Amino acid sequence: MYTSHIIDSEALETFYKSFTGSKTFLHSARYAKYRMACNEKIRIEGYFKENQLVAVCLIQCLSTKLKHWFHVPHGPLVLPEHHDKFWPWWLQHFQNLGQTHKQDLVRVSPLVETTQKINFESFNFKPAAVHLVNPETTWVLDITKSEEDLLAEMKKSTRYEVRKGIKEETGFTITIDKNLETFWELHEATVARQGFVPFTRQSTEAEIKAFGKDCEIITVWHEGKALASGVFLFDDKAGYYHQGASVPSKLPAAHAYLWAAICEAKKRGCTEFNFWGVCEEEETQHPWYGLSKFKRGFGGEQKNYHHVHDFEITCKAKLNRMIEARRNKKRGY
């Protein structure tokens, strides 16, 4: 039997840093700090077996005019040897937690590969109508290899563009700093061009502040003009491609800033680079198809995680399911 206790962010971060299984920054103490700066309430639980901390869980306490819900992003993090016994216990615990706190639903986006079974159905958790709450299909590159080996394993066209981008005669200047002003100008232009729902500036400012030295904005300049810029996050294991923006250009600026980010992750001692969400290769009509193809060009492998699941507590949750299904259809995924 497991027991649950509230733990502080320091205990969460200690567990996160020592955890060797699948993890992303969405379950780190810095992410909790960032979300609290955005006026979210955060609950951090630790789960014990005979006084040993075997799992942790960061829970976002969210609300809109329609509903109140708990959401677990890319978690909980569970020591591998406890996977089989922990998950059934935890799903029941999470249900009870939502009911006790009078939530309309509880939602979990587990960072568990689909090759590992989680018996959601036995506990009346349903696949959520919404997609991409947190990335479920990601593209990850092993960066323990040398830079030359990484280049050699890229697609031919990507390798050509990266090599072109780092040549002196191309005339690129690459900056790594906290230049949000330049990024935001490119970001607004990208949103206007592509029509996606963006992060707010206030949210991005809070993220940069919360992650501190582990958040960098990498910008590619040509003849004094910013062509592409991205927000990248880092932890002890990985670098993450979190936000990107650019202006139309025939020069390989986006290739250049991604290669710079990969090199920065290697410099920091990371073992992998996470390109974040992608669609399936055969989903040629998906809004992310072009971006996903671009990411795959750098080499790496696809990781498939369990879909986000909901336990619905009130009738508001059922109404929410209908609204989210309609919204997804409109978005095209």
# chains A, B, ... in the order shown; residues from 1 in each chain; ligands from 1

call {"tool": "select_by_dssp", "arguments": {"residues": "segment 160-193 of chain A", "states": "strand (DSSP E)", "output": "list in words"}}
result
Phe172, Thr173, Ile174, Thr175, Ile176 and Asp177 of chain A

call {"tool": "residues_around", "arguments": {"residues": "segment 179-181 of chain A", "least_positions_apart": "4", "cutoff": "12 Å", "atoms": "only C-alpha atoms", "output": "MDAnalysis selection string"}}
result
chainID A and resid 174:175 185:188 201:209 215:220 226 229:231 243:245

call {"tool": "residues_around", "arguments": {"residues": "His5 of chain A", "least_positions_apart": "5", "cutoff": "8 Å", "atoms": "only C-alpha atoms", "output": "JSON, numbers by chain"}}
result
{"A": [45, 46, 47, 48]}

call {"tool": "residues_around", "arguments": {"residues": "Lys155 of chain A", "least_positions_apart": "2", "cutoff": "7 Å", "atoms": "only C-alpha atoms", "output": "list in words"}}
result
Glu153, Ser157, Thr158, Arg159, Gly297, Phe298 and Gly299 of chain A

call {"tool": "select_by_dssp", "arguments": {"residues": "segment 110-292 of chain A", "states": "alpha helix (DSSP H)", "output": "ChimeraX atom specification"}}
result
/A:147-152,156-166,180-194,201-211,253-267,289-292

call {"tool": "residues_around", "arguments": {"residues": "Phe120 of chain A", "least_positions_apart": "5", "cutoff": "8 Å", "atoms": "only C-alpha atoms", "output": "VMD selection string"}}
result
chain A and resid 91 125 to 126 309

call {"tool": "write_last_selection", "arguments": {"atoms": "C-alpha atoms", "output": "PDB file, in the first residue's frame"}}
result
ATOM      1  CA  LEU A  91      -5.826   6.235 -10.418  1.00  0.00           C
ATOM      2  CA  PHE A 125     -10.949   7.021 -17.038  1.00  0.00           C
ATOM      3  CA  LYS A 126     -11.839   7.879 -20.636  1.00  0.00           C
ATOM      4  CA  HIS A 309      -7.345  10.578 -19.919  1.00  0.00           C
TER       5      HIS A 309
END

call {"tool": "residues_around", "arguments": {"residues": "Ala129 of chain A", "least_positions_apart": "2", "cutoff": "7 Å", "atoms": "only C-alpha atoms", "output": "PDB file with C-alpha atoms, in the first residue's frame"}}
result
ATOM      1  CA  PRO A 127      -9.580   9.100 -23.452  1.00  0.00           C
ATOM      2  CA  HIS A 131      -5.541  16.399 -28.113  1.00  0.00           C
ATOM      3  CA  ARG A 321     -16.181  16.783 -23.663  1.00  0.00           C
ATOM      4  CA  GLU A 324     -13.510  20.056 -26.755  1.00  0.00           C
ATOM      5  CA  ALA A 325     -14.477  17.566 -29.474  1.00  0.00           C
TER       6      ALA A 325
END

call {"tool": "atom_distance", "arguments": {"atom1": "atom CA of Ile143 of chain A", "atom2": "atom CA of Thr284 of chain A"}}
result
28.1 Å
